[in-house]
Amino acid sequence: MQSSKHNILTAVPGSDRWLLVNLLSGQADLLGREDAEALQRGTPRNPDELAAKGYLVDADEEARRYDKAHRDFVAGHVTDEVQLFYVPSYVCNFGCSYCFQDEYAPAQGANADVVLEAFFAYVDDVFADRKKYVTLFGGEPLLGTPAARHIVERMVIGTRTRGLDLAIVTNGYHLASYVPLLQTGRIREVQVTLDGSRAMHDKRRSLKGGGKTFDPVVAGIDACLAAGISVNLRTVVDKENLEDFAQLAHFAIDKGWTEHALFKTQIGRNYELHHCQTANSRLYTRLSLWEDLAKLIDRDPEVLRFYRPAFSVSKFLFDEGRLPDPLFDSCPATKTEWAFDSTGTIYPCTANVGKSGEAIGTFFPSRSLNQGAVDEWSGRDVTAISGCSTCSQQLACGGGCGAVSKNQAGTVRAPDCRPVKELLGLGCALYGKRELEPLSQGT
Ligand code: SF4
Ligand code: SF4
């Protein structure tokens with residue numbers, strides 16, 4: 001018997017406990033320091049119990065379980081729902097200080113209605129057998145122009161008549177005025193961004209050429225919730241606005257949003273995907289963002305009513321009392337995500353839509369697909385990335401983001417590492433308090 005390749009053992013900050021997690025066997029335990037150190041040394045103190053839970057294994061038997069779990073994971077893709085992004089235009093009315101799309105804006109193609117019909121025809125044909133929904137993306141799709149409104153109308157009708165849900169990613173400035181139209185469609189959710197309290201948001205997300213945007217966005221969120229449309233509020237975080245995140249949380253709590261069944265939140269880390277930021281020094285790493293957020297929550301636990309960070313699989317573990325299934329792949333590009341734009345071009349996902357050299361096909365005026373590129377993307381998982389093969393964190397990490405890998409290593413099939421151990425430690429300290437206390441008072 002030997003230690004499982006998939007044991008993740010991490011110290012829990014602020015306690016004398018260690019968290020042991022194994023995504024392949026589906027087990028998680030809190031260990032005392034001596035047990036953890038003995039396991040690390042390869043001289044475990046309670047080998048029978050550890051073997052029963054899959055922490056000590058026969059290597060061949062574990063390899064067989066791994067192969068079966070991988071086959072199950074891949075087979076599951078067939079029934080997964082596909083998210084099809086459509087970009088009607090790259091034009092945006094905001095001049096956000098960190099916008100990654102400001103460097104590329106492909107020229108508009110042919111008549112917008114004709115291209116949109118070609119998109120729907122492509123969806124009808126190519127994704128006929130898949131569960132799917134459409135997401136309207138940009139640029140900013142909900143502009144105040146008649147042309148933008150017309151395309152949203154066509155999109156609402158096109159999805160509704162096909163029985164498809166429509167999601168929308170918007171900056172929210174004109175959202176309130178679109179709500180009556182959206183009420184006629186099958187709207188799954190509207191994702192809208194607020195970057196903090198009024199002053200902070202207005203500083204980071206002004207209109208192009210200047211102009212405040214906080215109040216119109218808030219009015220849009222209120223209008224959606226009043227109309228029964230789900231809102232997914234996103235905050236793009238870096239060092240400039242992390243502290244202010246608590247103010248936004250209290251604003252949302254005071255508005256009653258956090259009690260609304262149709263309201264949820266997410267954080268997007270401002271990062272260096274496509275080009276140098278105007279102020280790269282304000283960017284967080286994958287770990288430092290969550291470390292600082294954990295400290296903020298420690299000072300102001302009310303923030304949790306607004307946003308509960310996943311901290312890798314730890315929120316799931318303590319909320320559900322079990323681990324999620326092994327994650328062999330965390331990048332949905334060309335598996336359950338595709339992106340299309342109004343020039344008739346197809347991209348692997350939203351991270352590269354509109355970016356020169358990243359196209360993988362066309363749906364208008366003629367159809368084509370670079371099958372080699374699609375295979376490269378769709379075959380990406382931790383079994384296809386050599387750097388991931390010996391990583392103990394692989395079934396919690398899934399290999400990260402293919403676009404970041406390509407940007408950093410020149411290939412999609414390279415690791416984009418997550419600080420899984422550290423995140424699990426942070427999450428266990430936050431969500432596992434009840435479990436930790438009796439243990440630390442006991443032995
Ligand atoms: S490349 Fe990155 S952004 Fe695109 S689908 Fe994969 S994980 Fe998401
Ligand atoms: S991307 Fe890095 S952390 Fe993630 S599985 Fe691969 S080697 Fe491990």
# chains A, B, ... in the order shown; residues from 1 in each chain; ligands from 1
$ residues_near_ligand --ligand "ligand 1" --cutoff "9 Å" --atoms "only C-alpha atoms and all ligand atoms" --output "JSON, numbers by chain"
{"A": [330, 331, 332, 333, 334, 335, 336, 337, 338, 348, 349, 350, 351, 352, 377, 399, 400, 401, 402, 403, 404, 405, 406, 412]}
$ closest_atom_pairs --of "chain A" --to "ligand 2" --cutoff "7 Å" --atoms "only C-alpha atoms and all ligand atoms" --output "CSV"
residue,atom,partner,partner_atom_place_in_ligand_line,distance
A:Val382,CA,ligand 2,5 (S),6.0
A:Gly387,CA,ligand 2,7 (S),5.3
A:Cys388,CA,ligand 2,6 (Fe),3.7
A:Cys391,CA,ligand 2,8 (Fe),4.6
A:Ser392,CA,ligand 2,8 (Fe),6.7
A:Gln393,CA,ligand 2,8 (Fe),5.2
A:Gln394,CA,ligand 2,5 (S),3.4
A:Leu395,CA,ligand 2,5 (S),6.9
A:Cys397,CA,ligand 2,4 (Fe),4.6
A:Gly398,CA,ligand 2,5 (S),5.4
A:Gly399,CA,ligand 2,1 (S),3.6
A:Gly400,CA,ligand 2,1 (S),5.3
A:Pro415,CA,ligand 2,1 (S),3.7
A:Asp416,CA,ligand 2,1 (S),4.2
A:Cys417,CA,ligand 2,2 (Fe),3.3
A:Arg418,CA,ligand 2,3 (S),4.9
A:Pro419,CA,ligand 2,3 (S),6.6
A:Val420,CA,ligand 2,3 (S),6.8
$ closest_residue --among "A:Glu320, A:Asp381, A:Asp125, A:Glu117" --to "A:Thr159" --atoms "only C-alpha atoms"
A:Glu117
$ residues_around --residues "A:Leu84" --least-positions-apart "5" --cutoff "8 Å" --atoms "only C-alpha atoms" --output "ChimeraX atom specification"
/A:132-135,337-340
$ write_last_selection --atoms "N, CA, C and O atoms" --output "PDB file, in the first residue's frame"
ATOM      1  N   LYS A 132     -29.059  23.083 -24.920  1.00  0.00           N
ATOM      2  CA  LYS A 132     -28.297  24.305 -25.177  1.00  0.00           C
ATOM      3  C   LYS A 132     -29.074  25.553 -24.761  1.00  0.00           C
ATOM      4  O   LYS A 132     -30.291  25.516 -24.595  1.00  0.00           O
ATOM      5  N   TYR A 133     -28.335  26.643 -24.580  1.00  0.00           N
ATOM      6  CA  TYR A 133     -28.953  27.954 -24.436  1.00  0.00           C
ATOM      7  C   TYR A 133     -28.008  28.970 -25.028  1.00  0.00           C
ATOM      8  O   TYR A 133     -26.831  28.684 -25.297  1.00  0.00           O
ATOM      9  N   VAL A 134     -28.541  30.159 -25.265  1.00  0.00           N
ATOM     10  CA  VAL A 134     -27.775  31.205 -25.946  1.00  0.00           C
ATOM     11  C   VAL A 134     -27.495  32.326 -24.947  1.00  0.00           C
ATOM     12  O   VAL A 134     -28.336  32.662 -24.109  1.00  0.00           O
ATOM     13  N   THR A 135     -26.301  32.889 -25.043  1.00  0.00           N
ATOM     14  CA  THR A 135     -25.949  34.041 -24.213  1.00  0.00           C
ATOM     15  C   THR A 135     -25.527  35.196 -25.109  1.00  0.00           C
ATOM     16  O   THR A 135     -24.635  35.056 -25.948  1.00  0.00           O
ATOM     17  N   GLU A 337     -18.938  25.126 -24.494  1.00  0.00           N
ATOM     18  CA  GLU A 337     -18.962  26.570 -24.751  1.00  0.00           C
ATOM     19  C   GLU A 337     -18.387  26.865 -26.140  1.00  0.00           C
ATOM     20  O   GLU A 337     -17.350  26.322 -26.513  1.00  0.00           O
ATOM     21  N   TRP A 338     -19.113  27.707 -26.877  1.00  0.00           N
ATOM     22  CA  TRP A 338     -18.664  28.196 -28.181  1.00  0.00           C
ATOM     23  C   TRP A 338     -19.042  29.673 -28.258  1.00  0.00           C
ATOM     24  O   TRP A 338     -20.003  30.106 -27.625  1.00  0.00           O
ATOM     25  N   ALA A 339     -18.303  30.439 -29.055  1.00  0.00           N
ATOM     26  CA  ALA A 339     -18.637  31.858 -29.202  1.00  0.00           C
ATOM     27  C   ALA A 339     -18.712  32.217 -30.684  1.00  0.00           C
ATOM     28  O   ALA A 339     -17.889  31.752 -31.491  1.00  0.00           O
ATOM     29  N   PHE A 340     -19.697  33.018 -31.028  1.00  0.00           N
ATOM     30  CA  PHE A 340     -19.978  33.412 -32.418  1.00  0.00           C
ATOM     31  C   PHE A 340     -20.093  34.931 -32.455  1.00  0.00           C
ATOM     32  O   PHE A 340     -20.612  35.540 -31.522  1.00  0.00           O
TER      33      PHE A 340
END
$ select_by_dssp --residues "stretch 198-248 of chain A" --states "alpha helix (DSSP H)" --output "PyMOL selection string"
chain A and resi 198-204+214-226+245-248
$ select_by_dssp --residues "stretch 175-316 of chain A" --states "strand (DSSP E or B)" --output "list in words"
Ile187, Arg188, Glu189, Val190, Gln191, Val192, Thr193, Leu207, Val231, Asn232, Leu233, Arg234, Thr235, Val236, Val237, Phe263, Lys264, Thr265, Gln266, Ile267, Gly268 and Arg269 of chain A
$ closest_residue --among "A:Leu423, A:Arg154, A:Tyr122, A:Ser4" --to "A:Leu369" --atoms "only C-alpha atoms"
A:Tyr122
$ residues_around --residues "A:Ser206" --least-positions-apart "3" --cutoff "10 Å" --atoms "only C-alpha atoms" --output "MDAnalysis selection string"
chainID A and resid 93:97 201:203 209:214
$ residues_around --residues "A:Ala246" --least-positions-apart "2" --cutoff "9 Å" --atoms "only C-alpha atoms" --output "ChimeraX atom specification"
/A:196-197,242-244,248-251,296-297,300,302-303,306
$ write_last_selection --atoms "N, CA, C and O atoms" --output "PDB file, in the first residue's frame"
ATOM      1  N   GLY A 196     -18.410  48.050  -7.059  1.00  0.00           N
ATOM      2  CA  GLY A 196     -18.251  48.553  -5.694  1.00  0.00           C
ATOM      3  C   GLY A 196     -19.355  49.537  -5.379  1.00  0.00           C
ATOM      4  O   GLY A 196     -20.392  49.575  -6.055  1.00  0.00           O
ATOM      5  N   SER A 197     -19.118  50.309  -4.346  1.00  0.00           N
ATOM      6  CA  SER A 197     -20.071  51.350  -3.968  1.00  0.00           C
ATOM      7  C   SER A 197     -20.064  52.425  -5.063  1.00  0.00           C
ATOM      8  O   SER A 197     -19.248  52.390  -5.986  1.00  0.00           O
ATOM      9  N   LEU A 242     -10.941  45.933  -3.683  1.00  0.00           N
ATOM     10  CA  LEU A 242     -11.271  44.805  -2.802  1.00  0.00           C
ATOM     11  C   LEU A 242     -11.858  45.296  -1.474  1.00  0.00           C
ATOM     12  O   LEU A 242     -12.883  44.791  -1.013  1.00  0.00           O
ATOM     13  N   GLU A 243     -11.226  46.281  -0.852  1.00  0.00           N
ATOM     14  CA  GLU A 243     -11.729  46.776   0.432  1.00  0.00           C
ATOM     15  C   GLU A 243     -13.153  47.303   0.285  1.00  0.00           C
ATOM     16  O   GLU A 243     -13.986  47.152   1.168  1.00  0.00           O
ATOM     17  N   ASP A 244     -13.420  47.939  -0.840  1.00  0.00           N
ATOM     18  CA  ASP A 244     -14.733  48.531  -1.084  1.00  0.00           C
ATOM     19  C   ASP A 244     -15.813  47.468  -1.314  1.00  0.00           C
ATOM     20  O   ASP A 244     -17.012  47.771  -1.250  1.00  0.00           O
ATOM     21  N   LEU A 248     -20.147  47.431  -1.059  1.00  0.00           N
ATOM     22  CA  LEU A 248     -21.119  46.938  -2.039  1.00  0.00           C
ATOM     23  C   LEU A 248     -22.003  45.861  -1.411  1.00  0.00           C
ATOM     24  O   LEU A 248     -23.225  45.842  -1.628  1.00  0.00           O
ATOM     25  N   ALA A 249     -21.399  44.984  -0.616  1.00  0.00           N
ATOM     26  CA  ALA A 249     -22.166  43.920   0.045  1.00  0.00           C
ATOM     27  C   ALA A 249     -23.257  44.545   0.921  1.00  0.00           C
ATOM     28  O   ALA A 249     -24.420  44.114   0.878  1.00  0.00           O
ATOM     29  N   HIS A 250     -22.900  45.546   1.693  1.00  0.00           N
ATOM     30  CA  HIS A 250     -23.892  46.178   2.583  1.00  0.00           C
ATOM     31  C   HIS A 250     -24.961  46.914   1.784  1.00  0.00           C
ATOM     32  O   HIS A 250     -26.133  46.916   2.168  1.00  0.00           O
ATOM     33  N   PHE A 251     -24.556  47.502   0.688  1.00  0.00           N
ATOM     34  CA  PHE A 251     -25.546  48.164  -0.185  1.00  0.00           C
ATOM     35  C   PHE A 251     -26.571  47.137  -0.681  1.00  0.00           C
ATOM     36  O   PHE A 251     -27.780  47.368  -0.633  1.00  0.00           O
ATOM     37  N   LEU A 296     -10.962  40.094   4.695  1.00  0.00           N
ATOM     38  CA  LEU A 296     -12.097  41.035   4.690  1.00  0.00           C
ATOM     39  C   LEU A 296     -13.323  40.386   5.354  1.00  0.00           C
ATOM     40  O   LEU A 296     -14.009  41.025   6.173  1.00  0.00           O
ATOM     41  N   ILE A 297     -13.564  39.129   5.030  1.00  0.00           N
ATOM     42  CA  ILE A 297     -14.716  38.419   5.612  1.00  0.00           C
ATOM     43  C   ILE A 297     -14.516  38.233   7.113  1.00  0.00           C
ATOM     44  O   ILE A 297     -15.462  38.312   7.896  1.00  0.00           O
ATOM     45  N   ASP A 300     -15.494  41.438   8.531  1.00  0.00           N
ATOM     46  CA  ASP A 300     -16.890  41.805   8.283  1.00  0.00           C
ATOM     47  C   ASP A 300     -17.645  40.586   7.727  1.00  0.00           C
ATOM     48  O   ASP A 300     -17.884  40.481   6.522  1.00  0.00           O
ATOM     49  N   GLU A 302     -20.575  39.815   7.536  1.00  0.00           N
ATOM     50  CA  GLU A 302     -21.812  40.093   6.793  1.00  0.00           C
ATOM     51  C   GLU A 302     -21.608  39.960   5.278  1.00  0.00           C
ATOM     52  O   GLU A 302     -22.553  39.729   4.529  1.00  0.00           O
ATOM     53  N   VAL A 303     -20.368  40.136   4.841  1.00  0.00           N
ATOM     54  CA  VAL A 303     -20.054  39.998   3.406  1.00  0.00           C
ATOM     55  C   VAL A 303     -20.536  38.643   2.880  1.00  0.00           C
ATOM     56  O   VAL A 303     -20.948  38.523   1.721  1.00  0.00           O
ATOM     57  N   PHE A 306     -23.696  38.295   1.024  1.00  0.00           N
ATOM     58  CA  PHE A 306     -23.662  38.795  -0.349  1.00  0.00           C
ATOM     59  C   PHE A 306     -22.898  37.850  -1.271  1.00  0.00           C
ATOM     60  O   PHE A 306     -23.293  37.598  -2.411  1.00  0.00           O
TER      61      PHE A 306
END
$ residues_around --residues "A:Val192" --least-positions-apart "6" --cutoff "8 Å" --atoms "only C-alpha atoms" --output "ChimeraX atom specification"
/A:169-172,217,221,231-234
$ atom_distance --atom1 "atom CA of A:Val74" --atom2 "atom CA of A:Asp375"
14.1 Å
$ atom_distance --atom1 "atom CA of A:Arg282" --atom2 "atom CA of A:Pro309"
20.7 Å
$ residues_around --residues "A:Leu181" --least-positions-apart "4" --cutoff "12 Å" --atoms "only C-alpha atoms" --output "ChimeraX atom specification"
/A:142,149-157,175-177,185-187,224,227,229
$ closest_residue --among "A:Lys53, A:Arg367, A:Arg64, A:Lys295" --to "A:Leu20" --atoms "only C-alpha atoms"
A:Lys53
$ closest_residue --among "A:Leu31, A:Ala128, A:Ala226, A:Ala219" --to "A:Val12" --atoms "only C-alpha atoms"
A:Leu31
